[in-house]
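Text of work.cif (mmCIF, C-alpha atoms) as supplied:
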```cif
data_entry
loop_
_atom_site.label_atom_id
_atom_site.label_comp_id
_atom_site.auth_asym_id
_atom_site.auth_seq_id
_atom_site.Cartn_x
_atom_site.Cartn_y
_atom_site.Cartn_z
CA MET N 1 -91.67 -103.34 77.81
CA PRO N 2 -87.96 -103.01 76.98
CA SER N 3 -86.03 -100.26 78.74
CA ARG N 4 -85.87 -98.43 75.40
CA GLU N 5 -86.70 -98.85 71.75
CA LEU N 6 -83.85 -99.02 69.24
CA PRO N 7 -84.24 -98.30 65.53
CA TYR N 8 -82.86 -101.74 64.63
CA PRO N 9 -83.42 -105.32 65.85
CA LEU N 10 -81.17 -106.88 68.48
CA PHE N 11 -79.58 -110.28 67.88
CA ASP N 12 -77.69 -111.23 71.02
CA ALA N 13 -74.70 -113.49 70.38
CA ASP N 14 -74.41 -114.59 74.00
CA ASN N 15 -77.37 -115.73 76.09
CA HIS N 16 -77.37 -118.69 78.45
CA LEU N 17 -79.74 -121.30 79.70
CA TYR N 18 -79.37 -123.01 83.05
CA GLU N 19 -79.50 -126.79 82.79
CA THR N 20 -81.68 -128.96 85.00
CA LYS N 21 -80.23 -131.92 86.89
CA GLU N 22 -81.34 -134.31 84.16
CA ALA N 23 -79.55 -132.44 81.35
CA LEU N 24 -76.41 -134.58 81.50
CA THR N 25 -78.07 -137.78 82.74
CA LYS N 26 -81.50 -138.33 81.15
CA PHE N 27 -80.22 -139.73 77.86
CA LEU N 28 -77.07 -141.49 79.08
CA PRO N 29 -77.05 -145.10 77.84
CA GLU N 30 -77.40 -147.72 80.56
CA PRO N 31 -73.69 -148.69 80.69
CA TYR N 32 -72.84 -145.07 81.45
CA LYS N 33 -75.37 -144.44 84.20
CA GLY N 34 -73.52 -143.08 87.20
CA VAL N 35 -70.85 -141.27 85.18
CA ILE N 36 -72.59 -138.02 86.15
CA GLU N 37 -74.14 -137.85 89.62
CA TYR N 38 -75.43 -135.18 91.96
CA VAL N 39 -74.30 -135.77 95.53
CA ASP N 40 -74.86 -134.12 98.88
CA VAL N 41 -71.78 -132.57 100.48
CA ARG N 42 -72.43 -131.07 103.90
CA GLY N 43 -75.95 -130.08 102.90
CA ARG N 44 -75.04 -128.70 99.47
CA THR N 45 -75.61 -130.43 96.15
CA LYS N 46 -72.48 -130.94 94.07
CA ILE N 47 -71.86 -132.61 90.72
CA ALA N 48 -69.58 -135.62 90.57
CA VAL N 49 -67.96 -136.79 87.33
CA ARG N 50 -66.88 -140.44 87.51
CA GLY N 51 -66.97 -140.20 91.29
CA GLN N 52 -64.88 -137.04 91.44
CA ILE N 53 -66.70 -134.08 93.00
CA SER N 54 -66.27 -130.86 91.04
CA ASP N 55 -66.45 -127.33 92.42
CA TYR N 56 -66.14 -125.78 88.96
CA ILE N 57 -69.77 -124.60 89.18
CA PRO N 58 -70.52 -123.94 92.89
CA ASN N 59 -74.27 -124.62 92.49
CA PRO N 60 -74.69 -127.08 89.58
CA THR N 61 -78.46 -127.45 90.09
CA PHE N 62 -78.96 -123.73 89.31
CA ASP N 63 -81.98 -123.70 91.63
CA VAL N 64 -80.43 -120.56 93.12
CA VAL N 65 -78.33 -118.32 90.89
CA ALA N 66 -76.57 -114.97 90.96
CA ARG N 67 -78.65 -112.10 89.68
CA PRO N 68 -78.17 -111.10 86.04
CA GLY N 69 -75.60 -108.34 85.78
CA ALA N 70 -74.50 -108.64 89.42
CA MET N 71 -70.91 -107.86 88.40
CA GLU N 72 -71.59 -104.77 86.27
CA ASP N 73 -70.12 -102.39 88.85
CA TYR N 74 -67.10 -104.67 89.22
CA PHE N 75 -66.37 -104.46 85.50
CA ARG N 76 -67.15 -100.73 85.37
CA ASN N 77 -65.14 -99.61 88.40
CA GLY N 78 -62.95 -102.53 89.41
CA ASN N 79 -62.79 -103.87 92.93
CA PRO N 80 -61.03 -101.21 95.04
CA ASP N 81 -62.24 -102.70 98.31
CA GLY N 82 -61.01 -106.20 97.48
CA LYS N 83 -64.42 -107.82 97.89
CA SER N 84 -64.82 -111.57 97.49
CA LYS N 85 -66.81 -112.94 94.56
CA ARG N 86 -69.64 -113.79 96.95
CA GLU N 87 -69.74 -110.18 98.14
CA ILE N 88 -69.65 -108.91 94.56
CA PHE N 89 -72.48 -111.23 93.49
CA GLY N 90 -74.68 -109.97 96.33
CA GLU N 91 -78.02 -111.52 97.18
CA PRO N 92 -78.85 -114.49 94.89
CA MET N 93 -82.23 -115.26 93.37
CA ARG N 94 -84.32 -118.34 92.73
CA SER N 95 -84.05 -119.58 89.18
CA ILE N 96 -87.07 -118.68 87.08
CA PRO N 97 -88.75 -120.62 84.23
CA ALA N 98 -87.25 -118.23 81.66
CA PHE N 99 -83.78 -119.53 82.58
CA ARG N 100 -84.92 -123.14 82.02
CA GLU N 101 -87.44 -123.22 79.14
CA PRO N 102 -87.79 -121.53 75.75
CA ALA N 103 -91.42 -120.33 75.91
CA PRO N 104 -91.02 -118.21 79.05
CA ARG N 105 -87.59 -117.14 77.81
CA LEU N 106 -89.19 -115.76 74.67
CA GLU N 107 -91.55 -113.69 76.84
CA LEU N 108 -88.55 -112.41 78.80
CA MET N 109 -86.73 -111.56 75.58
CA ASP N 110 -89.74 -109.46 74.53
CA GLU N 111 -89.56 -107.65 77.87
CA LEU N 112 -85.83 -107.06 77.38
CA GLY N 113 -86.17 -105.95 73.77
CA ILE N 114 -84.15 -108.82 72.28
CA GLN N 115 -85.46 -110.10 68.94
CA ARG N 116 -83.13 -113.09 68.55
CA THR N 117 -80.36 -114.78 70.47
CA LEU N 118 -77.83 -117.56 70.44
CA MET N 119 -78.48 -119.71 73.52
CA PHE N 120 -75.49 -121.41 75.11
CA PRO N 121 -75.57 -124.06 77.82
CA THR N 122 -73.80 -123.28 81.09
CA LEU N 123 -72.88 -126.56 82.78
CA ALA N 124 -71.66 -128.09 79.52
CA SER N 125 -68.31 -126.36 79.81
CA LEU N 126 -67.10 -128.83 82.43
CA ILE N 127 -67.58 -132.01 80.39
CA GLU N 128 -64.57 -132.41 78.13
CA GLU N 129 -61.82 -131.45 80.54
CA ARG N 130 -62.98 -133.89 83.23
CA MET N 131 -63.14 -136.77 80.75
CA ARG N 132 -60.05 -135.95 78.73
CA ASP N 133 -58.55 -139.42 79.26
CA ASP N 134 -61.63 -141.15 77.79
CA PRO N 135 -62.46 -139.84 74.29
CA GLU N 136 -65.32 -142.29 73.74
CA LEU N 137 -66.98 -141.21 76.98
CA ILE N 138 -66.78 -137.57 75.92
CA HIS N 139 -68.75 -138.33 72.77
CA VAL N 140 -71.37 -140.30 74.71
CA VAL N 141 -71.95 -137.55 77.29
CA VAL N 142 -71.94 -134.77 74.69
CA HIS N 143 -74.58 -136.59 72.65
CA SER N 144 -76.64 -137.16 75.78
CA LEU N 145 -76.54 -133.43 76.52
CA ASN N 146 -77.43 -132.54 72.93
CA ARG N 147 -80.46 -134.82 73.04
CA TRP N 148 -81.63 -133.00 76.17
CA LEU N 149 -80.97 -129.59 74.61
CA HIS N 150 -82.98 -130.55 71.53
CA GLU N 151 -85.87 -132.02 73.53
CA THR N 152 -86.08 -129.10 75.94
CA TRP N 153 -85.08 -126.07 73.89
CA SER N 154 -84.88 -127.29 70.28
CA PHE N 155 -82.03 -125.91 68.17
CA ASN N 156 -84.27 -123.34 66.50
CA TYR N 157 -87.16 -122.11 68.60
CA LYS N 158 -89.53 -120.02 66.47
CA ASP N 159 -86.62 -118.55 64.50
CA ARG N 160 -85.71 -116.50 67.56
CA ILE N 161 -83.76 -118.72 69.97
CA PHE N 162 -80.89 -120.62 68.37
CA THR N 163 -79.60 -123.08 70.94
CA THR N 164 -76.04 -124.25 70.32
CA PRO N 165 -75.38 -127.99 70.57
CA VAL N 166 -71.90 -129.06 71.65
CA ILE N 167 -69.47 -130.76 69.30
CA SER N 168 -66.35 -132.49 70.61
CA LEU N 169 -63.67 -133.72 68.22
CA PRO N 170 -61.62 -136.57 69.78
CA ILE N 171 -62.87 -139.14 67.25
CA VAL N 172 -63.39 -137.35 63.93
CA GLU N 173 -66.00 -139.78 62.60
CA LYS N 174 -68.10 -139.38 65.75
CA ALA N 175 -67.77 -135.60 65.56
CA ILE N 176 -69.11 -135.68 62.00
CA GLU N 177 -71.98 -137.97 63.09
CA GLU N 178 -72.84 -135.53 65.87
CA LEU N 179 -72.71 -132.59 63.50
CA GLU N 180 -75.04 -134.34 61.03
CA TRP N 181 -77.44 -135.29 63.85
CA CYS N 182 -77.60 -131.67 64.99
CA LEU N 183 -78.03 -130.27 61.47
CA GLU N 184 -80.88 -132.69 60.76
CA ARG N 185 -82.65 -131.17 63.76
CA GLY N 186 -82.26 -127.57 62.67
CA ALA N 187 -79.03 -126.44 64.31
CA LYS N 188 -77.58 -123.30 62.72
CA THR N 189 -74.60 -123.00 65.03
CA VAL N 190 -72.47 -125.36 67.12
CA LEU N 191 -70.28 -124.89 70.17
CA ILE N 192 -66.65 -126.04 70.08
CA ARG N 193 -64.30 -125.60 73.02
CA PRO N 194 -61.27 -123.36 72.40
CA ALA N 195 -58.80 -125.98 73.59
CA PRO N 196 -56.63 -128.83 72.35
CA VAL N 197 -58.67 -131.89 71.47
CA PRO N 198 -58.31 -134.87 73.85
CA GLY N 199 -57.54 -138.14 72.10
CA PHE N 200 -56.07 -141.61 72.27
CA ARG N 201 -52.67 -140.18 71.25
CA GLY N 202 -52.90 -137.25 73.61
CA PRO N 203 -54.13 -133.70 73.02
CA ARG N 204 -53.60 -131.87 69.74
CA SER N 205 -55.00 -128.89 67.85
CA PHE N 206 -58.38 -129.10 66.12
CA ALA N 207 -56.74 -127.13 63.28
CA LEU N 208 -54.48 -130.00 62.19
CA PRO N 209 -55.28 -131.70 58.86
CA GLU N 210 -56.57 -134.88 60.54
CA PHE N 211 -59.73 -132.93 61.42
CA ASP N 212 -60.28 -131.62 57.89
CA PRO N 213 -63.17 -134.02 57.10
CA PHE N 214 -65.12 -132.42 59.93
CA TRP N 215 -64.29 -128.86 58.92
CA LYS N 216 -65.13 -129.66 55.32
CA ARG N 217 -68.70 -130.52 56.37
CA VAL N 218 -68.91 -127.41 58.55
CA GLN N 219 -67.90 -125.22 55.62
CA GLU N 220 -70.21 -127.01 53.19
CA GLU N 221 -73.20 -126.49 55.47
CA GLY N 222 -72.33 -122.89 56.35
CA VAL N 223 -72.50 -123.65 60.07
CA LEU N 224 -71.45 -120.90 62.45
CA VAL N 225 -68.90 -122.23 64.95
CA GLY N 226 -69.17 -120.57 68.35
CA MET N 227 -66.03 -120.74 70.46
CA HIS N 228 -67.25 -119.75 73.89
CA SER N 229 -65.19 -119.28 77.03
CA SER N 230 -64.89 -122.64 78.77
CA ASP N 231 -62.66 -124.78 80.93
CA SER N 232 -59.95 -125.22 78.30
CA GLY N 233 -57.66 -127.16 80.62
CA TYR N 234 -55.18 -124.36 81.14
CA SER N 235 -55.34 -124.70 84.91
CA ARG N 236 -52.81 -127.51 84.39
CA TYR N 237 -50.25 -124.98 83.25
CA ALA N 238 -51.04 -122.50 86.01
CA ASN N 239 -50.87 -125.31 88.55
CA ASP N 240 -47.27 -125.99 87.54
CA TRP N 241 -46.46 -122.48 88.73
CA GLU N 242 -48.62 -122.66 91.83
CA GLY N 243 -47.55 -126.08 93.01
CA HIS N 244 -50.88 -127.86 93.25
CA GLY N 245 -53.29 -129.81 91.07
CA ALA N 246 -56.61 -128.03 91.66
CA GLU N 247 -59.27 -127.84 88.95
CA MET N 248 -60.27 -124.57 87.33
CA LEU N 249 -62.41 -122.58 89.78
CA PRO N 250 -63.68 -119.54 87.85
CA PHE N 251 -65.54 -118.05 90.81
CA LYS N 252 -62.56 -117.96 93.18
CA THR N 253 -60.01 -115.17 92.92
CA ASN N 254 -56.73 -116.31 91.37
CA ALA N 255 -54.53 -113.45 90.20
CA PHE N 256 -52.17 -115.66 88.21
CA ARG N 257 -55.04 -117.27 86.30
CA MET N 258 -56.48 -113.83 85.59
CA LEU N 259 -53.13 -112.75 84.17
CA ASN N 260 -53.40 -115.47 81.51
CA GLU N 261 -57.18 -115.60 81.19
CA TRP N 262 -57.27 -115.16 77.41
CA ARG N 263 -54.42 -117.53 76.64
CA PRO N 264 -56.76 -120.36 75.54
CA VAL N 265 -58.58 -118.30 72.90
CA THR N 266 -55.29 -116.71 71.78
CA ASP N 267 -53.84 -120.15 71.21
CA ALA N 268 -57.04 -121.43 69.58
CA VAL N 269 -57.22 -118.65 67.00
CA GLY N 270 -53.44 -118.63 66.59
CA SER N 271 -53.54 -122.33 65.81
CA MET N 272 -56.27 -121.81 63.20
CA ALA N 273 -53.88 -119.45 61.40
CA CYS N 274 -50.54 -121.18 61.99
CA HIS N 275 -51.81 -124.70 61.32
CA GLY N 276 -53.55 -123.56 58.15
CA LEU N 277 -57.18 -124.32 59.01
CA LEU N 278 -58.43 -120.91 57.90
CA SER N 279 -56.50 -121.14 54.64
CA ARG N 280 -57.71 -124.64 53.81
CA PHE N 281 -61.30 -123.61 54.57
CA PRO N 282 -61.53 -119.89 53.78
CA GLU N 283 -65.32 -119.82 54.10
CA LEU N 284 -65.43 -121.02 57.71
CA LYS N 285 -67.44 -118.78 60.04
CA ILE N 286 -65.95 -118.57 63.53
CA ALA N 287 -67.48 -116.51 66.35
CA VAL N 288 -65.41 -116.03 69.50
CA ILE N 289 -67.88 -115.48 72.34
CA GLU N 290 -67.39 -114.33 75.94
CA ASN N 291 -63.65 -114.06 75.55
CA GLY N 292 -63.60 -110.30 75.19
CA SER N 293 -61.31 -108.66 72.65
CA SER N 294 -58.17 -107.63 74.54
CA TRP N 295 -56.34 -110.61 73.01
CA VAL N 296 -57.05 -109.66 69.39
CA GLU N 297 -54.49 -106.92 68.72
CA PRO N 298 -51.55 -108.66 70.46
CA LEU N 299 -52.29 -111.87 68.54
CA LEU N 300 -52.51 -110.08 65.19
CA ASN N 301 -49.25 -108.26 65.93
CA ASN N 302 -47.54 -111.53 66.81
CA LEU N 303 -48.89 -113.23 63.69
CA ALA N 304 -47.66 -110.34 61.54
CA ASP N 305 -44.20 -110.64 63.08
CA VAL N 306 -44.06 -114.40 62.59
CA HIS N 307 -45.25 -114.07 59.00
CA LYS N 308 -42.59 -111.46 58.34
CA LYS N 309 -39.86 -113.78 59.62
CA ALA N 310 -41.22 -117.10 58.31
CA PRO N 311 -43.49 -116.53 55.29
CA GLU N 312 -42.70 -120.02 54.09
CA ALA N 313 -44.75 -121.40 57.00
CA PHE N 314 -47.97 -119.92 55.59
CA THR N 315 -49.93 -120.14 52.37
CA GLU N 316 -51.38 -116.65 52.92
CA ASP N 317 -51.06 -113.70 55.27
CA PRO N 318 -52.31 -115.11 58.62
CA VAL N 319 -53.52 -111.70 59.80
CA GLU N 320 -55.79 -111.39 56.79
CA ALA N 321 -56.98 -114.98 57.29
CA VAL N 322 -58.05 -114.22 60.87
CA LYS N 323 -59.76 -110.99 59.80
CA ARG N 324 -61.62 -112.85 57.07
CA ASN N 325 -62.94 -115.74 59.15
CA VAL N 326 -63.10 -114.75 62.81
CA HIS N 327 -65.86 -112.67 64.41
CA VAL N 328 -65.46 -111.35 67.95
CA SER N 329 -67.98 -110.49 70.65
CA PRO N 330 -66.24 -107.90 72.86
CA PHE N 331 -67.14 -107.17 76.44
CA TRP N 332 -69.26 -104.04 76.85
CA GLU N 333 -66.52 -102.30 78.83
CA GLU N 334 -64.02 -102.60 75.96
CA ASP N 335 -63.36 -100.17 73.09
CA MET N 336 -65.58 -101.58 70.37
CA ALA N 337 -64.80 -98.80 67.90
CA ALA N 338 -61.10 -99.66 68.15
CA LEU N 339 -61.92 -103.32 67.56
CA ALA N 340 -64.03 -102.37 64.54
CA ASP N 341 -61.09 -100.38 63.16
CA LEU N 342 -58.83 -103.39 63.70
CA ILE N 343 -60.87 -106.26 62.23
CA GLY N 344 -63.75 -104.50 60.47
CA VAL N 345 -67.12 -103.53 61.89
CA GLU N 346 -68.72 -106.51 60.10
CA LYS N 347 -66.79 -108.81 62.42
CA VAL N 348 -67.99 -107.33 65.73
CA LEU N 349 -70.90 -109.02 67.55
CA PHE N 350 -73.06 -107.81 70.44
CA GLY N 351 -73.24 -110.32 73.29
CA SER N 352 -74.76 -109.60 76.70
CA ASP N 353 -74.00 -112.89 78.55
CA TYR N 354 -77.53 -112.71 79.97
CA PRO N 355 -78.48 -113.93 82.62
CA HIS N 356 -75.00 -114.60 83.98
CA PRO N 357 -73.71 -112.29 86.73
CA GLU N 358 -70.77 -111.29 84.51
CA GLY N 359 -73.16 -109.98 81.86
CA LEU N 360 -75.65 -107.15 81.60
CA ALA N 361 -78.86 -106.99 83.62
CA ASP N 362 -80.43 -104.99 80.77
CA PRO N 363 -78.85 -106.23 77.51
CA VAL N 364 -80.04 -103.19 75.54
CA THR N 365 -77.60 -101.04 77.55
CA TYR N 366 -74.76 -102.61 75.55
CA VAL N 367 -75.53 -99.91 72.98
CA ASP N 368 -74.53 -97.25 75.53
CA ALA N 369 -70.96 -98.51 75.34
CA LEU N 370 -70.79 -97.94 71.58
CA ASP N 371 -68.87 -94.79 70.70
CA LYS N 372 -71.48 -92.79 68.81
CA ASP N 373 -68.84 -90.37 67.46
CA ARG N 374 -66.85 -93.18 65.84
CA LEU N 375 -69.61 -95.65 64.96
CA SER N 376 -72.46 -94.57 62.71
CA GLU N 377 -76.00 -95.76 63.37
CA ALA N 378 -75.56 -98.19 60.46
CA ASP N 379 -72.44 -99.59 62.13
CA GLN N 380 -74.24 -99.81 65.47
CA ALA N 381 -77.03 -101.76 63.79
CA LYS N 382 -74.48 -104.21 62.38
CA ILE N 383 -72.88 -104.79 65.77
CA MET N 384 -76.17 -105.07 67.66
CA GLY N 385 -77.60 -107.72 65.39
CA GLY N 386 -77.09 -107.25 61.68
CA ASN N 387 -73.78 -109.06 61.54
CA LEU N 388 -75.06 -112.13 63.34
CA ALA N 389 -78.26 -112.20 61.27
CA ARG N 390 -76.11 -112.24 58.14
CA LEU N 391 -73.92 -115.04 59.53
CA LEU N 392 -76.97 -117.21 60.23
CA SER N 393 -78.92 -116.12 57.16
CA VAL N 394 -81.99 -115.14 59.20
#
```
Take the structure in this file and express it as structure tokens.
Amino acid sequence: MPSRELPYPLFDADNHLYETKEALTKFLPEPYKGVIEYVDVRGRTKIAVRGQISDYIPNPTFDVVARPGAMEDYFRNGNPDGKSKREIFGEPMRSIPAFREPAPRLELMDELGIQRTLMFPTLASLIEERMRDDPELIHVVVHSLNRWLHETWSFNYKDRIFTTPVISLPIVEKAIEELEWCLERGAKTVLIRPAPVPGFRGPRSFALPEFDPFWKRVQEEGVLVGMHSSDSGYSRYANDWEGHGAEMLPFKTNAFRMLNEWRPVTDAVGSMACHGLLSRFPELKIAVIENGSSWVEPLLNNLADVHKKAPEAFTEDPVEAVKRNVHVSPFWEEDMAALADLIGVEKVLFGSDYPHPEGLADPVTYVDALDKDRLSEADQAKIMGGNLARLLSV
């Protein structure tokens, strides 16, 4: 039984599955076998991409994982004792079938009191950045992963679990093909990395007009675009300050990276406004997931200032464009009533990040963080599921 009953259904915008070892390899075409490998390094299994071992995910098999919500106290009270991430995570657990398969996950959702959820992959976030010099390879590996996601989870499991296939945009025609393939198999939402798009001519924004054929199809089909926290490649910029070339290591303390943690999503949404994507496609539905909301007000203030000084650079008020198109899933420890005042309560989405350690062990407790004096029960119902149900027409 759930920890409590709520008077409205919960639609969680941020749940995760843990991939098996075959997720990135099972459907790779023969010429690409070996691009992704699991290798033994001093008794521990690591993932290697084109022969390069990655520590981005410390345990890429997910046989053993951190407990859901292991970092709740860290986010509630900080880290006054300066504990390491390993100390904060505490004792790990063996992965359970509900983290790997939809049927047992549905049973777990019933236990947790979650009616519906978006289901994001976990390991997928390392793909694009580690193949950024080979756009064709990115498309091959992304499609291989999507085939596994569809076979294992489906993109719509009993109208309750909506797994998000990945779309990468280096070659626009291939991105459209991937989108069509996913839609034909029932996808209601897709995952796009908040980062510049790799390409033969170098990286550039996905909001530039060259990508309009893709966005046109997204708008026509009413697809919800999830922009989830990922490896957006910004470690390259931090590395210039730190004097080394290490990859992004999200589970190792790096104060300078933390200082700029929300720069990728700020730039992604800022580009949508400044490069005119939201104005060319005013019916796009964008959901920013697991990026918190601390970046929203500073970005809107900056956009307002730029618009004031250079209105000729825009076809409409960029602040209003962002408020119209972009939905935000704030972290539970943030002021959600203030966010609702800023962008409208209809644009705020509940997301628990379950079962990741950064999320909530009991997703229903997200409601405890809602300011009951400033948010009516009707507004709470919108945040906890109504808004997302409307976006997906379920």
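Residues in contact range of stretch 156-166 of chain N, defined as at most 8 Å between all atoms listed in the file, with sequence neighbours fewer than 6 positions away removed, read N:Pro102, N:Leu106, N:Gln115, N:Arg116, N:Thr117, N:Leu118, N:Met119, N:Phe120, N:Pro121, N:Ala124, N:Val142, N:Asn146, N:Leu149, N:Cys182, N:Gly186, N:Ala187, N:Lys188, N:Thr189, N:Val190, N:Leu191, N:Ile192, N:Val394.
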What are the closest atom pairs, with distances in Å to one decimal, for all residues of stretch 28-75 of chain N lying within 9 Å of stretch 338-362 of chain N? Consider only C-alpha atoms, order rows by chain and residue number, and present the result as a tab-separated table.
```
residue	atom	partner	partner_atom	distance
N:Val65	CA	N:His356	CA	8.5
N:Ala66	CA	N:Pro357	CA	5.8
N:Arg67	CA	N:Pro357	CA	5.8
N:Pro68	CA	N:Pro355	CA	4.4
N:Gly69	CA	N:Ala361	CA	4.1
N:Ala70	CA	N:Pro357	CA	4.6
N:Met71	CA	N:Glu358	CA	5.2
N:Glu72	CA	N:Leu360	CA	6.6
N:Tyr74	CA	N:Glu358	CA	8.9
N:Phe75	CA	N:Glu358	CA	8.2
```
remark   = As a check of understanding: the span from atom CA of N:Pro97 to atom CA of N:His16 is 12.9 Å
remark   = Shortest contact to N:Ser376, candidates N:His139, N:Ile176, N:Ala337, N:Leu224, atoms counted only C-alpha atoms, goes to N:Ala337
message = Under the rule that all atoms listed in the file are counted, which of N:Leu126, N:Leu259, N:Ile114, N:Leu137 is the nearest residue to N:Asp14?
response = N:Ile114
Determine the axis-aligned bounding box of all atoms of stretch 296-306 of chain N present in the file, pad each side by 8 Å, and express its centre and edge lengths in Å to one decimal place as AutoDock Vina command-line options.
```
--center_x -50.6 --center_y -110.7 --center_z 66.0 --size_x 29.0 --size_y 23.5 --size_z 24.9
```
query = atom CA of N:Tyr32 to atom CA of N:Phe214: how many Å, to one decimal?
reply =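 Computing the Euclidean distance for atom CA of N:Tyr32 and atom CA of N:Phe214 yields 26.1 Å.
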Explicit residue set for the PyMOL selection byres ((chain N and resi 100) around 6), as a VMD selection string = chain N and resid 17 to 18 97 to 99 101
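Nearest to N:Val225 of all the residues N:Val288, N:Leu277, N:Ala103, N:Ile53 is N:Val288, counting all atoms listed in the file.
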request  = Please provide the set of residues having any atom within 12 Å of stretch 261-264 of chain N, restricted to all atoms listed in the file, with same-chain residues fewer than 2 positions apart removed, written as a ChimeraX atom specification.
outcome  = /N:193-196,205,227-235,237-238,248,250,254-259,266-271,288-296,298-299
ask   = Between atom CA of N:Phe27 and atom CA of N:Thr152, what is the distance, to one decimal in Å?
value =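 Between atom CA of N:Phe27 and atom CA of N:Thr152 the gap is 12.3 Å.
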Suppose a student applies the PyMOL selection byres ((chain N and resi 222) around 9) to this structure; what residues should they get, written as a JSON list (two decimals) with C-alpha atoms, in the coordinates of the input?
```json
[["chain", "number", "residue", "atom", "x", "y", "z"],
["N", 188, "LYS", "CA", -77.58, -123.30, 62.72],
["N", 189, "THR", "CA", -74.60, -123.00, 65.03],
["N", 217, "ARG", "CA", -68.70, -130.52, 56.37],
["N", 218, "VAL", "CA", -68.91, -127.41, 58.55],
["N", 219, "GLN", "CA", -67.90, -125.22, 55.62],
["N", 220, "GLU", "CA", -70.21, -127.01, 53.19],
["N", 221, "GLU", "CA", -73.20, -126.49, 55.47],
["N", 223, "VAL", "CA", -72.50, -123.65, 60.07],
["N", 224, "LEU", "CA", -71.45, -120.90, 62.45],
["N", 283, "GLU", "CA", -65.32, -119.82, 54.10],
["N", 284, "LEU", "CA", -65.43, -121.02, 57.71],
["N", 285, "LYS", "CA", -67.44, -118.78, 60.04],
["N", 391, "LEU", "CA", -73.92, -115.04, 59.53],
["N", 392, "LEU", "CA", -76.97, -117.21, 60.23]]
```
Residue with smallest distance to N:Thr122 - pool N:Ile171, N:Lys46, N:Asn59, N:Glu19, counting all atoms listed in the file = N:Glu19
request  = Could you give me, as a count of residues only, the residues within 9 Å of N:Ser279, counting all atoms listed in the file and dropping anything in the same chain fewer than 5 positions from it?
outcome  = 7
Within 12 Å of N:Pro7, counting all atoms listed in the file, which residues show up once you throw out same-chain ones fewer than 5 positions away? Write them as an mmCIF file with C-alpha atoms, in the frame of the given file, please.
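What follows is the written file result.cif:
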```cif
data_model
loop_
_atom_site.group_PDB
_atom_site.id
_atom_site.type_symbol
_atom_site.label_atom_id
_atom_site.label_comp_id
_atom_site.auth_asym_id
_atom_site.auth_seq_id
_atom_site.Cartn_x
_atom_site.Cartn_y
_atom_site.Cartn_z
ATOM 1 C CA GLY N 113 -86.170 -105.950 73.770
ATOM 2 C CA VAL N 364 -80.040 -103.190 75.540
ATOM 3 C CA VAL N 367 -75.530 -99.910 72.980
ATOM 4 C CA GLU N 377 -76.000 -95.760 63.370
ATOM 5 C CA ALA N 378 -75.560 -98.190 60.460
ATOM 6 C CA GLN N 380 -74.240 -99.810 65.470
ATOM 7 C CA ALA N 381 -77.030 -101.760 63.790
ATOM 8 C CA LYS N 382 -74.480 -104.210 62.380
ATOM 9 C CA MET N 384 -76.170 -105.070 67.660
ATOM 10 C CA GLY N 385 -77.600 -107.720 65.390
#
```
note = Of N:Met93, N:Leu183, N:Val319, N:Leu123, the one nearest to N:Ala23 when counting only C-alpha atoms is N:Leu123
inquiry  = Just checking: using all atoms listed in the file, which residue out of N:Arg105, N:Lys26, N:Arg280, N:Lys83 ends up closest to N:Phe211?
reply    = N:Arg280
